[in-house]
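K.L.:
Just so it is clear, I am handing over run-v2.cif, which has mmCIF, C-alpha atoms, pLDDT in the B column; chains and numbers go by the auth columns.
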```cif
data_query
#
loop_
_atom_site.group_PDB
_atom_site.id
_atom_site.type_symbol
_atom_site.label_atom_id
_atom_site.label_comp_id
_atom_site.label_asym_id
_atom_site.label_seq_id
_atom_site.Cartn_x
_atom_site.Cartn_y
_atom_site.Cartn_z
_atom_site.B_iso_or_equiv
_atom_site.auth_seq_id
_atom_site.auth_asym_id
ATOM 1 C CA MET A 1 27.456 -17.917 81.246 62.00 15 A
ATOM 2 C CA GLU A 2 25.778 -16.539 84.346 78.00 16 A
ATOM 3 C CA VAL A 3 22.183 -17.616 84.841 84.00 17 A
ATOM 4 C CA THR A 4 20.341 -14.425 85.737 91.00 18 A
ATOM 5 C CA GLY A 5 16.708 -13.836 86.546 90.00 19 A
ATOM 6 C CA GLU A 6 16.454 -11.937 83.278 94.00 20 A
ATOM 7 C CA LEU A 7 17.740 -14.965 81.343 94.00 21 A
ATOM 8 C CA LEU A 8 15.254 -17.262 83.110 95.00 22 A
ATOM 9 C CA ASP A 9 12.405 -14.867 82.300 94.00 23 A
ATOM 10 C CA THR A 10 13.524 -14.748 78.662 95.00 24 A
ATOM 11 C CA ILE A 11 13.554 -18.548 78.442 96.00 25 A
ATOM 12 C CA ARG A 12 10.078 -18.801 79.980 95.00 26 A
ATOM 13 C CA ARG A 13 8.758 -16.109 77.643 95.00 27 A
ATOM 14 C CA HIS A 14 10.277 -17.849 74.609 96.00 28 A
ATOM 15 C CA VAL A 15 8.696 -21.194 75.564 97.00 29 A
ATOM 16 C CA ARG A 16 5.317 -19.568 76.235 96.00 30 A
ATOM 17 C CA ASP A 17 5.469 -17.670 72.917 96.00 31 A
ATOM 18 C CA GLU A 18 6.318 -20.858 71.032 97.00 32 A
ATOM 19 C CA LEU A 19 3.511 -22.792 72.742 98.00 33 A
ATOM 20 C CA GLU A 20 1.134 -19.945 71.928 97.00 34 A
ATOM 21 C CA LEU A 21 2.022 -20.181 68.232 98.00 35 A
ATOM 22 C CA LEU A 22 1.818 -23.977 68.276 98.00 36 A
ATOM 23 C CA SER A 23 -1.615 -23.819 69.924 98.00 37 A
ATOM 24 C CA ASP A 24 -3.214 -21.597 67.288 98.00 38 A
ATOM 25 C CA ALA A 25 -3.769 -22.777 63.709 98.00 39 A
ATOM 26 C CA GLU A 26 -4.847 -19.288 62.606 98.00 40 A
ATOM 27 C CA SER A 27 -1.570 -17.807 63.912 98.00 41 A
ATOM 28 C CA GLN A 28 0.270 -20.474 61.936 98.00 42 A
ATOM 29 C CA ARG A 29 -1.654 -19.456 58.799 98.00 43 A
ATOM 30 C CA GLN A 30 -0.901 -15.803 59.521 98.00 44 A
ATOM 31 C CA TYR A 31 2.788 -16.668 59.843 97.00 45 A
ATOM 32 C CA ALA A 32 2.625 -18.203 56.352 97.00 46 A
ATOM 33 C CA ARG A 33 0.926 -15.063 54.973 97.00 47 A
ATOM 34 C CA ASP A 34 3.442 -12.765 56.677 98.00 48 A
ATOM 35 C CA VAL A 35 6.499 -14.704 55.517 96.00 49 A
ATOM 36 C CA PRO A 36 5.479 -16.522 52.312 95.00 50 A
ATOM 37 C CA GLU A 37 9.016 -17.608 51.476 96.00 51 A
ATOM 38 C CA VAL A 38 9.194 -19.725 54.656 95.00 52 A
ATOM 39 C CA ASP A 39 8.136 -23.371 54.879 97.00 53 A
ATOM 40 C CA VAL A 40 5.956 -22.898 57.957 98.00 54 A
ATOM 41 C CA PRO A 41 5.529 -26.576 58.925 98.00 55 A
ATOM 42 C CA THR A 42 9.311 -27.026 58.901 97.00 56 A
ATOM 43 C CA GLU A 43 9.805 -23.793 60.844 97.00 57 A
ATOM 44 C CA LEU A 44 7.261 -24.834 63.480 98.00 58 A
ATOM 45 C CA VAL A 45 8.963 -28.185 63.999 97.00 59 A
ATOM 46 C CA HIS A 46 12.435 -26.664 63.977 96.00 60 A
ATOM 47 C CA GLY A 47 11.361 -23.882 66.336 96.00 61 A
ATOM 48 C CA TRP A 48 10.225 -26.300 69.024 98.00 62 A
ATOM 49 C CA VAL A 49 12.747 -29.121 68.632 96.00 63 A
ATOM 50 C CA GLU A 50 15.931 -27.172 68.004 94.00 64 A
ATOM 51 C CA GLN A 51 15.389 -23.696 69.387 94.00 65 A
ATOM 52 C CA CYS A 52 12.862 -23.856 72.187 96.00 66 A
ATOM 53 C CA TYR A 53 12.805 -27.162 74.047 97.00 67 A
ATOM 54 C CA VAL A 54 16.346 -27.531 75.393 97.00 68 A
ATOM 55 C CA PRO A 55 16.104 -29.484 78.663 97.00 69 A
ATOM 56 C CA GLN A 56 19.835 -30.259 78.530 96.00 70 A
ATOM 57 C CA SER A 57 20.441 -26.578 79.323 96.00 71 A
ATOM 58 C CA LEU A 58 20.894 -25.747 82.999 95.00 72 A
ATOM 59 C CA ALA A 59 19.234 -22.366 82.478 96.00 73 A
ATOM 60 C CA PHE A 60 16.229 -24.028 80.824 97.00 74 A
ATOM 61 C CA ARG A 61 15.856 -26.414 83.764 97.00 75 A
ATOM 62 C CA GLN A 62 16.154 -23.543 86.245 96.00 76 A
ATOM 63 C CA ALA A 63 13.543 -21.462 84.405 96.00 77 A
ATOM 64 C CA PHE A 64 10.749 -23.921 85.217 96.00 78 A
ATOM 65 C CA ARG A 65 9.432 -25.698 88.261 95.00 79 A
ATOM 66 C CA ILE A 66 9.705 -29.510 88.290 96.00 80 A
ATOM 67 C CA ALA A 67 6.004 -29.930 87.528 95.00 81 A
ATOM 68 C CA GLU A 68 6.368 -27.560 84.557 97.00 82 A
ATOM 69 C CA LEU A 69 9.402 -29.456 83.263 97.00 83 A
ATOM 70 C CA GLU A 70 7.329 -32.635 83.421 97.00 84 A
ATOM 71 C CA LEU A 71 4.518 -30.946 81.470 97.00 85 A
ATOM 72 C CA LEU A 72 6.991 -29.740 78.855 98.00 86 A
ATOM 73 C CA ALA A 73 8.552 -33.211 78.591 98.00 87 A
ATOM 74 C CA ASP A 74 5.096 -34.749 78.100 98.00 88 A
ATOM 75 C CA PHE A 75 4.297 -32.200 75.404 98.00 89 A
ATOM 76 C CA HIS A 76 7.650 -32.812 73.737 98.00 90 A
ATOM 77 C CA ARG A 77 7.035 -36.579 73.596 98.00 91 A
ATOM 78 C CA LEU A 78 3.644 -35.966 71.986 98.00 92 A
ATOM 79 C CA PHE A 79 5.237 -33.463 69.586 98.00 93 A
ATOM 80 C CA ILE A 80 7.933 -35.941 68.494 98.00 94 A
ATOM 81 C CA SER A 81 5.332 -38.666 68.020 98.00 95 A
ATOM 82 C CA ALA A 82 3.175 -36.337 65.916 98.00 96 A
ATOM 83 C CA ARG A 83 6.205 -35.282 63.893 97.00 97 A
ATOM 84 C CA ALA A 84 6.931 -38.918 63.036 97.00 98 A
ATOM 85 C CA GLU A 85 3.307 -39.489 61.998 97.00 99 A
ATOM 86 C CA LEU A 86 3.406 -36.458 59.675 97.00 100 A
ATOM 87 C CA GLY A 87 6.005 -38.143 57.492 95.00 101 A
ATOM 88 C CA GLU A 88 8.849 -36.844 55.414 94.00 102 A
ATOM 89 C CA PRO A 89 8.793 -34.393 53.823 96.00 103 A
ATOM 90 C CA LEU A 90 6.280 -32.512 55.902 96.00 104 A
ATOM 91 C CA PRO A 91 3.010 -31.802 54.098 97.00 105 A
ATOM 92 C CA GLU A 92 2.032 -28.364 52.796 96.00 106 A
ATOM 93 C CA LEU A 93 0.477 -26.066 55.399 97.00 107 A
ATOM 94 C CA ASP A 94 -3.220 -26.797 54.769 97.00 108 A
ATOM 95 C CA GLU A 95 -2.695 -30.555 54.870 97.00 109 A
ATOM 96 C CA PHE A 96 -0.339 -30.153 57.840 98.00 110 A
ATOM 97 C CA LEU A 97 -2.931 -28.199 59.842 98.00 111 A
ATOM 98 C CA ALA A 98 -5.685 -30.696 58.977 98.00 112 A
ATOM 99 C CA HIS A 99 -3.634 -33.745 59.978 98.00 113 A
ATOM 100 C CA PRO A 100 -4.945 -35.431 63.161 98.00 114 A
ATOM 101 C CA SER A 101 -1.429 -35.587 64.602 98.00 115 A
ATOM 102 C CA TRP A 102 -0.925 -31.832 64.234 98.00 116 A
ATOM 103 C CA LYS A 103 -4.383 -31.173 65.663 98.00 117 A
ATOM 104 C CA ARG A 104 -3.230 -33.077 68.767 98.00 118 A
ATOM 105 C CA VAL A 105 -0.148 -30.838 68.919 98.00 119 A
ATOM 106 C CA ILE A 106 -2.333 -27.716 68.699 98.00 120 A
ATOM 107 C CA GLU A 107 -4.666 -28.956 71.446 98.00 121 A
ATOM 108 C CA ASN A 108 -1.863 -30.075 73.763 98.00 122 A
ATOM 109 C CA ALA A 109 0.206 -26.944 73.202 98.00 123 A
ATOM 110 C CA GLY A 110 -2.757 -24.895 74.421 97.00 124 A
ATOM 111 C CA ARG A 111 -3.265 -27.160 77.417 96.00 125 A
ATOM 112 C CA THR A 112 0.434 -27.002 78.305 97.00 126 A
ATOM 113 C CA LEU A 113 0.507 -23.232 77.902 96.00 127 A
ATOM 114 C CA ARG A 114 -2.432 -22.793 80.291 95.00 128 A
ATOM 115 C CA LYS A 115 -0.652 -24.862 82.938 94.00 129 A
ATOM 116 C CA ILE A 116 2.594 -22.919 82.845 91.00 130 A
ATOM 117 C CA ARG A 117 2.325 -19.735 84.822 72.00 131 A
ATOM 118 C CA LYS A 118 3.527 -16.468 83.339 58.00 132 A
ATOM 119 C CA ARG A 119 5.854 -15.678 86.226 49.00 133 A
ATOM 120 C CA ARG A 120 8.069 -17.820 88.402 46.00 134 A
#
```
Using structure tokens, write down the structure that the file contains.
P.N.:
Amino acid sequence: MEVTGELLDTIRRHVRDELELLSDAESQRQYARDVPEVDVPTELVHGWVEQCYVPQSLAFRQAFRIAELELLADFHRLFISARAELGEPLPELDEFLAHPSWKRVIENAGRTLRKIRKRR
């Protein structure tokens, strides 16, 4: 697959959108209201780990500057640590959002988002 500027912009936008959702507990609650049949905690974890953060992809690596890749890797490590602390199965949404580990994810997602510029 050819790595185009459009693809790189799409990847950046997807990562920024995901970080925006992860940084906002009220948006996570709204997601649950909008799609009540979805297990939102599971979707949030799945969205980051399996659909968004893909550093093994050449296009993903090209979409971000080195400093941004380092920021994303730091956030990912924190995210994985928080995920482990949340246990299995994941708690229901209210308990999930109140958990100190998830609060760290929310705070760090916002911090990471602010440090990643909108455009390359």
K.L.:
Which residue is closest to Val52 (chain A)? Choose from A:Ser71, A:Ser37, A:Lys117, A:Leu107 and count all atoms listed in the file.
P.N.:
A:Leu107
K.L.:
Please evaluate the PyMOL selection byres ((chain A and resi 30) around 12) against the structure above and give the resulting residues as a compact mmCIF listing (two decimals) with C-alpha atoms, in the frame of the given file.
P.N.:
```txt
# COMPACT_ATOMS: atom_id res chain seq x y z
CA ASP A 23 12.40 -14.87 82.30
CA THR A 24 13.52 -14.75 78.66
CA ILE A 25 13.55 -18.55 78.44
CA ARG A 26 10.08 -18.80 79.98
CA ARG A 27 8.76 -16.11 77.64
CA HIS A 28 10.28 -17.85 74.61
CA VAL A 29 8.70 -21.19 75.56
CA ASP A 31 5.47 -17.67 72.92
CA GLU A 32 6.32 -20.86 71.03
CA LEU A 33 3.51 -22.79 72.74
CA GLU A 34 1.13 -19.94 71.93
CA LEU A 35 2.02 -20.18 68.23
CA LEU A 36 1.82 -23.98 68.28
CA SER A 37 -1.62 -23.82 69.92
CA TRP A 62 10.22 -26.30 69.02
CA CYS A 66 12.86 -23.86 72.19
CA TYR A 67 12.80 -27.16 74.05
CA ALA A 77 13.54 -21.46 84.40
CA PHE A 78 10.75 -23.92 85.22
CA GLU A 82 6.37 -27.56 84.56
CA LEU A 86 6.99 -29.74 78.86
CA ALA A 123 0.21 -26.94 73.20
CA GLY A 124 -2.76 -24.90 74.42
CA ARG A 125 -3.26 -27.16 77.42
CA THR A 126 0.43 -27.00 78.31
CA LEU A 127 0.51 -23.23 77.90
CA ARG A 128 -2.43 -22.79 80.29
CA LYS A 129 -0.65 -24.86 82.94
CA ILE A 130 2.59 -22.92 82.84
CA ARG A 131 2.33 -19.74 84.82
CA LYS A 132 3.53 -16.47 83.34
CA ARG A 133 5.85 -15.68 86.23
```
K.L.:
Could you check how far CA of Val119 (chain A) sits from CA of Gln76 (chain A), in Å to one decimal?
P.N.:
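The value is 24.9 Å.
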K.L.:
Could you tell me how far CA of Ser41 (chain A) sits from CA of Leu111 (chain A), in Å to one decimal place?
P.N.:
11.2 Å
K.L.:
I'd like to know which of A:Pro105, A:Arg75, A:Ile94, A:Ile120 is closest to Val59 (chain A), using all atoms listed in the file.
P.N.:
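Counting all atoms listed in the file, the residue closest to Val59 (chain A) is A:Ile94.
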K.L.:
Can you complete the atoms of region 39-68 of chain A to N, CA and C atoms and list them as a PDB file, in the coordinates of the input?
P.N.:
```
ATOM      1  N   ALA A  39      -3.883 -22.537  65.150  1.00 98.00           N
ATOM      2  CA  ALA A  39      -3.769 -22.777  63.709  1.00 98.00           C
ATOM      3  C   ALA A  39      -3.865 -21.478  62.913  1.00 98.00           C
ATOM      4  N   GLU A  40      -4.719 -20.549  63.344  1.00 98.00           N
ATOM      5  CA  GLU A  40      -4.847 -19.288  62.606  1.00 98.00           C
ATOM      6  C   GLU A  40      -3.551 -18.481  62.679  1.00 98.00           C
ATOM      7  N   SER A  41      -2.874 -18.492  63.810  1.00 98.00           N
ATOM      8  CA  SER A  41      -1.570 -17.807  63.912  1.00 98.00           C
ATOM      9  C   SER A  41      -0.549 -18.464  62.995  1.00 98.00           C
ATOM     10  N   GLN A  42      -0.635 -19.762  62.845  1.00 98.00           N
ATOM     11  CA  GLN A  42       0.270 -20.474  61.936  1.00 98.00           C
ATOM     12  C   GLN A  42      -0.025 -20.078  60.484  1.00 98.00           C
ATOM     13  N   ARG A  43      -1.289 -19.934  60.149  1.00 98.00           N
ATOM     14  CA  ARG A  43      -1.654 -19.456  58.799  1.00 98.00           C
ATOM     15  C   ARG A  43      -1.183 -18.014  58.589  1.00 98.00           C
ATOM     16  N   GLN A  44      -1.345 -17.194  59.628  1.00 98.00           N
ATOM     17  CA  GLN A  44      -0.901 -15.803  59.521  1.00 98.00           C
ATOM     18  C   GLN A  44       0.608 -15.731  59.325  1.00 98.00           C
ATOM     19  N   TYR A  45       1.330 -16.578  60.003  1.00 97.00           N
ATOM     20  CA  TYR A  45       2.788 -16.668  59.843  1.00 97.00           C
ATOM     21  C   TYR A  45       3.116 -16.948  58.378  1.00 97.00           C
ATOM     22  N   ALA A  46       2.397 -17.873  57.762  1.00 97.00           N
ATOM     23  CA  ALA A  46       2.625 -18.203  56.352  1.00 97.00           C
ATOM     24  C   ALA A  46       2.306 -17.012  55.453  1.00 97.00           C
ATOM     25  N   ARG A  47       1.259 -16.249  55.774  1.00 97.00           N
ATOM     26  CA  ARG A  47       0.926 -15.063  54.973  1.00 97.00           C
ATOM     27  C   ARG A  47       1.969 -13.973  55.153  1.00 97.00           C
ATOM     28  N   ASP A  48       2.470 -13.822  56.386  1.00 98.00           N
ATOM     29  CA  ASP A  48       3.442 -12.765  56.677  1.00 98.00           C
ATOM     30  C   ASP A  48       4.811 -13.048  56.071  1.00 98.00           C
ATOM     31  N   VAL A  49       5.166 -14.320  55.997  1.00 96.00           N
ATOM     32  CA  VAL A  49       6.499 -14.704  55.517  1.00 96.00           C
ATOM     33  C   VAL A  49       6.324 -15.832  54.477  1.00 96.00           C
ATOM     34  N   PRO A  50       5.829 -15.490  53.291  1.00 95.00           N
ATOM     35  CA  PRO A  50       5.479 -16.522  52.312  1.00 95.00           C
ATOM     36  C   PRO A  50       6.660 -17.357  51.814  1.00 95.00           C
ATOM     37  N   GLU A  51       7.853 -16.854  51.947  1.00 96.00           N
ATOM     38  CA  GLU A  51       9.016 -17.608  51.476  1.00 96.00           C
ATOM     39  C   GLU A  51       9.445 -18.706  52.454  1.00 96.00           C
ATOM     40  N   VAL A  52       8.817 -18.766  53.618  1.00 95.00           N
ATOM     41  CA  VAL A  52       9.194 -19.725  54.656  1.00 95.00           C
ATOM     42  C   VAL A  52       8.290 -20.955  54.581  1.00 95.00           C
ATOM     43  N   ASP A  53       8.883 -22.120  54.765  1.00 97.00           N
ATOM     44  CA  ASP A  53       8.136 -23.371  54.879  1.00 97.00           C
ATOM     45  C   ASP A  53       7.680 -23.464  56.336  1.00 97.00           C
ATOM     46  N   VAL A  54       6.453 -23.034  56.585  1.00 98.00           N
ATOM     47  CA  VAL A  54       5.956 -22.898  57.957  1.00 98.00           C
ATOM     48  C   VAL A  54       5.950 -24.218  58.716  1.00 98.00           C
ATOM     49  N   PRO A  55       5.462 -25.330  58.150  1.00 98.00           N
ATOM     50  CA  PRO A  55       5.529 -26.576  58.925  1.00 98.00           C
ATOM     51  C   PRO A  55       6.948 -26.908  59.407  1.00 98.00           C
ATOM     52  N   THR A  56       7.922 -26.751  58.518  1.00 97.00           N
ATOM     53  CA  THR A  56       9.311 -27.026  58.901  1.00 97.00           C
ATOM     54  C   THR A  56       9.773 -26.053  59.976  1.00 97.00           C
ATOM     55  N   GLU A  57       9.413 -24.794  59.851  1.00 97.00           N
ATOM     56  CA  GLU A  57       9.805 -23.793  60.844  1.00 97.00           C
ATOM     57  C   GLU A  57       9.178 -24.080  62.211  1.00 97.00           C
ATOM     58  N   LEU A  58       7.920 -24.524  62.211  1.00 98.00           N
ATOM     59  CA  LEU A  58       7.261 -24.834  63.480  1.00 98.00           C
ATOM     60  C   LEU A  58       7.954 -25.998  64.180  1.00 98.00           C
ATOM     61  N   VAL A  59       8.272 -27.024  63.414  1.00 97.00           N
ATOM     62  CA  VAL A  59       8.963 -28.185  63.999  1.00 97.00           C
ATOM     63  C   VAL A  59      10.351 -27.772  64.482  1.00 97.00           C
ATOM     64  N   HIS A  60      11.081 -27.099  63.629  1.00 96.00           N
ATOM     65  CA  HIS A  60      12.435 -26.664  63.977  1.00 96.00           C
ATOM     66  C   HIS A  60      12.411 -25.742  65.204  1.00 96.00           C
ATOM     67  N   GLY A  61      11.440 -24.829  65.234  1.00 96.00           N
ATOM     68  CA  GLY A  61      11.361 -23.882  66.336  1.00 96.00           C
ATOM     69  C   GLY A  61      11.223 -24.563  67.689  1.00 96.00           C
ATOM     70  N   TRP A  62      10.387 -25.606  67.744  1.00 98.00           N
ATOM     71  CA  TRP A  62      10.225 -26.300  69.024  1.00 98.00           C
ATOM     72  C   TRP A  62      11.411 -27.205  69.322  1.00 98.00           C
ATOM     73  N   VAL A  63      11.766 -28.055  68.379  1.00 96.00           N
ATOM     74  CA  VAL A  63      12.747 -29.121  68.632  1.00 96.00           C
ATOM     75  C   VAL A  63      14.164 -28.585  68.801  1.00 96.00           C
ATOM     76  N   GLU A  64      14.527 -27.601  68.011  1.00 94.00           N
ATOM     77  CA  GLU A  64      15.931 -27.172  68.004  1.00 94.00           C
ATOM     78  C   GLU A  64      16.183 -25.836  68.686  1.00 94.00           C
ATOM     79  N   GLN A  65      15.148 -25.028  68.838  1.00 94.00           N
ATOM     80  CA  GLN A  65      15.389 -23.696  69.387  1.00 94.00           C
ATOM     81  C   GLN A  65      14.694 -23.427  70.712  1.00 94.00           C
ATOM     82  N   CYS A  66      13.671 -24.188  71.018  1.00 96.00           N
ATOM     83  CA  CYS A  66      12.862 -23.856  72.187  1.00 96.00           C
ATOM     84  C   CYS A  66      13.007 -24.873  73.312  1.00 96.00           C
ATOM     85  N   TYR A  67      12.781 -26.136  73.010  1.00 97.00           N
ATOM     86  CA  TYR A  67      12.805 -27.162  74.047  1.00 97.00           C
ATOM     87  C   TYR A  67      14.233 -27.690  74.191  1.00 97.00           C
ATOM     88  N   VAL A  68      14.935 -27.163  75.187  1.00 97.00           N
ATOM     89  CA  VAL A  68      16.346 -27.531  75.393  1.00 97.00           C
ATOM     90  C   VAL A  68      16.574 -27.942  76.853  1.00 97.00           C
TER      91      VAL A  68
END
```
